[in-house]
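Here is coords.tsv, consisting of TSV, C-alpha atoms and all ligand atoms:
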```tsv
chain	number	residue	atom	x	y	z
A	252	MET	CA	-0.47	1.54	-18.00
A	253	ALA	CA	1.47	0.86	-14.82
A	254	VAL	CA	4.21	3.43	-14.23
A	255	LYS	CA	7.07	2.47	-11.93
A	256	ILE	CA	7.56	5.09	-9.22
A	257	CYS	CA	10.12	4.09	-6.56
A	258	PRO	CA	10.77	1.60	-3.76
A	259	VAL	CA	8.25	1.94	-0.92
A	260	GLU	CA	11.05	2.65	1.57
A	261	ASP	CA	11.97	5.81	-0.35
A	262	ILE	CA	8.88	7.51	1.11
A	263	LYS	CA	8.78	7.69	4.88
A	264	PRO	CA	5.37	7.15	6.54
A	265	GLY	CA	3.70	10.52	6.95
A	266	ARG	CA	5.46	12.02	3.93
A	267	ALA	CA	4.81	12.51	0.23
A	268	ILE	CA	6.87	12.98	-2.90
A	269	LYS	CA	6.03	14.69	-6.17
A	270	VAL	CA	6.35	12.86	-9.46
A	271	THR	CA	5.58	14.17	-12.93
A	272	ILE	CA	4.07	11.86	-15.54
A	273	ASP	CA	3.30	13.24	-19.00
A	274	GLY	CA	3.55	16.74	-17.53
A	275	HIS	CA	1.02	15.87	-14.78
A	276	ALA	CA	2.28	16.47	-11.24
A	277	ILE	CA	1.10	13.78	-8.83
A	278	ALA	CA	1.72	13.46	-5.09
A	279	ILE	CA	2.61	9.96	-3.93
A	280	ALA	CA	1.84	9.83	-0.23
A	281	ARG	CA	2.65	7.22	2.37
A	282	THR	CA	0.20	7.38	5.23
A	283	LYS	CA	1.28	7.11	8.84
A	284	THR	CA	-0.02	3.54	8.77
A	285	GLY	CA	2.16	2.77	5.73
A	286	ASP	CA	-0.45	2.72	2.94
A	287	VAL	CA	0.54	4.27	-0.38
A	288	LYS	CA	-1.87	6.72	-2.06
A	289	ALA	CA	-1.64	8.94	-5.14
A	290	ILE	CA	-3.44	12.25	-5.54
A	291	ASP	CA	-3.23	15.21	-7.89
A	292	ASP	CA	-0.36	17.35	-6.61
A	293	LYS	CA	-2.17	20.67	-7.08
A	294	CYS	CA	-4.44	21.87	-4.30
A	295	SER	CA	-7.89	22.80	-5.64
A	296	HIS	CA	-7.76	26.06	-3.68
A	297	GLY	CA	-4.54	27.46	-5.14
A	298	GLU	CA	-1.26	26.82	-6.87
A	299	ILE	CA	0.21	24.84	-4.01
A	300	SER	CA	1.90	21.46	-4.19
A	301	LEU	CA	0.06	19.00	-1.94
A	302	SER	CA	3.18	16.84	-1.72
A	303	GLU	CA	4.65	19.62	0.46
A	304	GLY	CA	1.75	19.21	2.85
A	305	PHE	CA	1.09	17.05	5.88
A	306	VAL	CA	0.12	13.38	5.51
A	307	ASP	CA	-1.94	11.67	8.20
A	308	ASP	CA	-3.59	8.21	8.29
A	309	THR	CA	-6.12	8.96	5.55
A	310	THR	CA	-5.63	12.61	4.56
A	311	ILE	CA	-3.21	15.13	3.15
A	312	GLU	CA	-3.34	18.73	4.36
A	313	CYS	CA	-2.30	21.69	2.23
A	314	TRP	CA	0.29	23.73	4.11
A	315	ALA	CA	-0.94	27.05	2.72
A	316	HIS	CA	-4.42	27.41	4.21
A	317	GLY	CA	-5.07	24.05	5.85
A	318	ALA	CA	-7.50	22.37	3.46
A	319	LYS	CA	-7.55	18.61	4.00
A	320	PHE	CA	-8.23	16.08	1.26
A	321	ASP	CA	-9.21	12.43	1.59
A	322	LEU	CA	-6.35	10.48	0.01
A	323	SER	CA	-8.68	7.71	-1.22
A	324	SER	CA	-11.41	9.85	-2.81
A	325	GLY	CA	-9.76	13.25	-3.37
A	326	GLN	CA	-12.74	14.91	-1.69
A	327	PRO	CA	-12.03	18.04	0.34
A	328	LEU	CA	-12.79	17.56	4.02
A	329	SER	CA	-12.33	21.15	5.13
A	330	LEU	CA	-12.45	24.67	3.78
A	331	PRO	CA	-11.13	26.71	2.09
A	332	ALA	CA	-11.03	24.01	-0.62
A	333	TYR	CA	-14.42	22.85	-1.88
A	334	GLU	CA	-13.47	21.16	-5.17
A	335	PRO	CA	-12.10	17.60	-5.19
A	336	VAL	CA	-8.76	16.63	-6.67
A	337	ALA	CA	-8.11	13.53	-8.78
A	338	VAL	CA	-6.83	10.34	-7.22
A	339	PHE	CA	-4.96	7.51	-8.91
A	340	ASP	CA	-4.70	3.77	-8.30
A	341	THR	CA	-1.42	2.42	-7.03
A	342	PHE	CA	-0.09	-1.02	-6.26
A	343	ILE	CA	3.08	-2.43	-4.79
A	344	GLU	CA	5.01	-5.26	-6.40
A	345	ASP	CA	8.24	-6.62	-4.94
A	346	GLY	CA	8.48	-3.56	-2.70
A	347	VAL	CA	8.16	-1.11	-5.58
A	348	ILE	CA	5.31	1.38	-6.02
A	349	PHE	CA	3.47	1.45	-9.36
A	350	LEU	CA	0.86	3.99	-10.44
A	351	GLU	CA	-1.93	3.39	-12.95
A	352	TYR	CA	-1.71	6.21	-15.49
A	353	PRO	CA	-3.76	7.51	-17.12
A	354	PRO	CA	-6.54	6.80	-14.63
A	355	ALA	CA	-9.21	4.31	-15.76
A	401	LIG	S1	-3.84	26.73	-1.57
A	401	LIG	FE1	-4.30	24.86	-0.56
A	401	LIG	S2	-5.67	25.45	1.02
A	401	LIG	FE2	-5.27	27.31	-0.02
```
Could you spell out this file's structure in structure tokens?
Amino acid sequence: MAVKICPVEDIKPGRAIKVTIDGHAIAIARTKTGDVKAIDDKCSHGEISLSEGFVDDTTIECWAHGAKFDLSSGQPLSLPAYEPVAVFDTFIEDGVIFLEYPPA
């Protein structure tokens, strides 16, 4: 099911927002190059919201201890996190972000 999130312009490049769908917190990130990615909002190292972290071209970095996650795969790229986090498909239609939920 495609869930409507918000207009693309509502998320500045290099930032992320947190949305909650069916009680599941998801970070919607806009990379510095303008791509839109969706990743589980909870860092796999602790109870920290990844949407409060730092978004780069392809990664999001947890502000607490610096673990970086690939926004496309959810794989951790640096310690202290070593478990991946879920990622979700998104698409943009008429300037609006949609998220596929639940994931296929
Ligand atoms: S809680 Fe995210 S790196 Fe430690």
Judged by only C-alpha atoms and all ligand atoms, the minimum distance to ligand LIG 401 (chain A) among A:Ala337, A:Leu301, A:Leu322, A:Ala267 is found for A:Leu301
At a cut-off of 6 Å around ligand LIG 401 (chain A), and using all atoms listed in the file, what residues come up? Please write them as a PDB file with C-alpha atoms, in the coordinates of the input.
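Just written: pocket24.pdb:
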```pdb
ATOM      1  CA  CYS A 294      -4.440  21.870  -4.300  1.00  0.00           C
ATOM      2  CA  HIS A 296      -7.760  26.060  -3.680  1.00  0.00           C
ATOM      3  CA  GLY A 297      -4.540  27.460  -5.140  1.00  0.00           C
ATOM      4  CA  GLU A 298      -1.260  26.820  -6.870  1.00  0.00           C
ATOM      5  CA  ILE A 299       0.210  24.840  -4.010  1.00  0.00           C
ATOM      6  CA  CYS A 313      -2.300  21.690   2.230  1.00  0.00           C
ATOM      7  CA  ALA A 315      -0.940  27.050   2.720  1.00  0.00           C
ATOM      8  CA  HIS A 316      -4.420  27.410   4.210  1.00  0.00           C
ATOM      9  CA  GLY A 317      -5.070  24.050   5.850  1.00  0.00           C
ATOM     10  CA  ALA A 318      -7.500  22.370   3.460  1.00  0.00           C
ATOM     11  CA  PRO A 331     -11.130  26.710   2.090  1.00  0.00           C
ATOM     12  CA  ALA A 332     -11.030  24.010  -0.620  1.00  0.00           C
TER      13      ALA A 332
END
```
**Message:** For a quick check of understanding, using all atoms listed in the file, which of A:Ala280, A:Ala253, A:Ile272, A:Leu330 has the smallest distance to Asp307 in chain A?
**Reply:**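 When distances to Asp307 in chain A are compared using all atoms listed in the file, the smallest one comes from A:Ala280.
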Selection near Ala278 in chain A, 6 Å with only C-alpha atoms, sequence-local residues under 4 positions removed, as an MDAnalysis selection string: chainID A and resid 268:269 289:292 302
Selection from above, C-alpha atoms, as an mmCIF file, in the coordinates of the input, can you write it?
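Printed below is result.cif as written:
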```cif
data_model
loop_
_atom_site.group_PDB
_atom_site.id
_atom_site.type_symbol
_atom_site.label_atom_id
_atom_site.label_comp_id
_atom_site.auth_asym_id
_atom_site.auth_seq_id
_atom_site.Cartn_x
_atom_site.Cartn_y
_atom_site.Cartn_z
ATOM 1 C CA ILE A 268 6.870 12.980 -2.900
ATOM 2 C CA LYS A 269 6.030 14.690 -6.170
ATOM 3 C CA ALA A 289 -1.640 8.940 -5.140
ATOM 4 C CA ILE A 290 -3.440 12.250 -5.540
ATOM 5 C CA ASP A 291 -3.230 15.210 -7.890
ATOM 6 C CA ASP A 292 -0.360 17.350 -6.610
ATOM 7 C CA SER A 302 3.180 16.840 -1.720
#
```
Worksheet item: Separation of CA of Asp273 in chain A and CA of Ile256 in chain A, in Å?
Response: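 Atom-to-atom, CA of Asp273 in chain A to CA of Ile256 in chain A, that is 13.4 Å.
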Local residues around (4.4, -0.3, -15.2), at most 10 Å away, using only C-alpha atoms, as a VMD selection string | chain A and resid 252 to 256 348 to 352
Ile279 in chain A proximity check over A:Ile262, A:Lys293, A:Val347, A:Ser324, using only C-alpha atoms: winner is A:Ile262
### Task
Write out as a list of chain:residue names each polymer residue whose atoms come within 12 Å of Gly346 in chain A, counting only C-alpha atoms; drop sequence neighbours fewer than 4 positions from it.
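Near Gly346 in chain A, the qualifying residues are A:Lys255, A:Ile256, A:Cys257, A:Pro258, A:Val259, A:Glu260, A:Asp261, A:Ile262, A:Val287, A:Phe342.
Taking CA of Glu344 in chain A and CA of Glu312 in chain A as the two end points, the separation is 27.6 Å.
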CA of Lys263 in chain A to CA of Glu334 in chain A measures 27.9 Å
**Selection: 9 Å around Ser323 in chain A, all atoms listed in the file, excl. self and same-chain fewer than 4 positions, as a ChimeraX atom specification** = /A:288-290,309-310,338-339
message: So, with all atoms listed in the file as the atoms that count, which of A:Ser295, A:Thr341, A:Thr284, A:Thr271 lies closest to Phe320 in chain A?
response: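 Going through A:Ser295, A:Thr341, A:Thr284, A:Thr271 one by one, the smallest distance to Phe320 in chain A is for A:Ser295.
The residue that comes closest to Lys283 in chain A, out of A:Glu303, A:Pro327, A:Ile311, A:Asp345 and on the basis of only C-alpha atoms, is A:Ile311.
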(message) Given all atoms listed in the file as the basis, pick out the residue of A:Ser329, A:Asp340, A:Ser300, A:Pro264 nearest to Ala276 in chain A.
(response)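 Counting all atoms listed in the file, the residue closest to Ala276 in chain A is A:Ser300.
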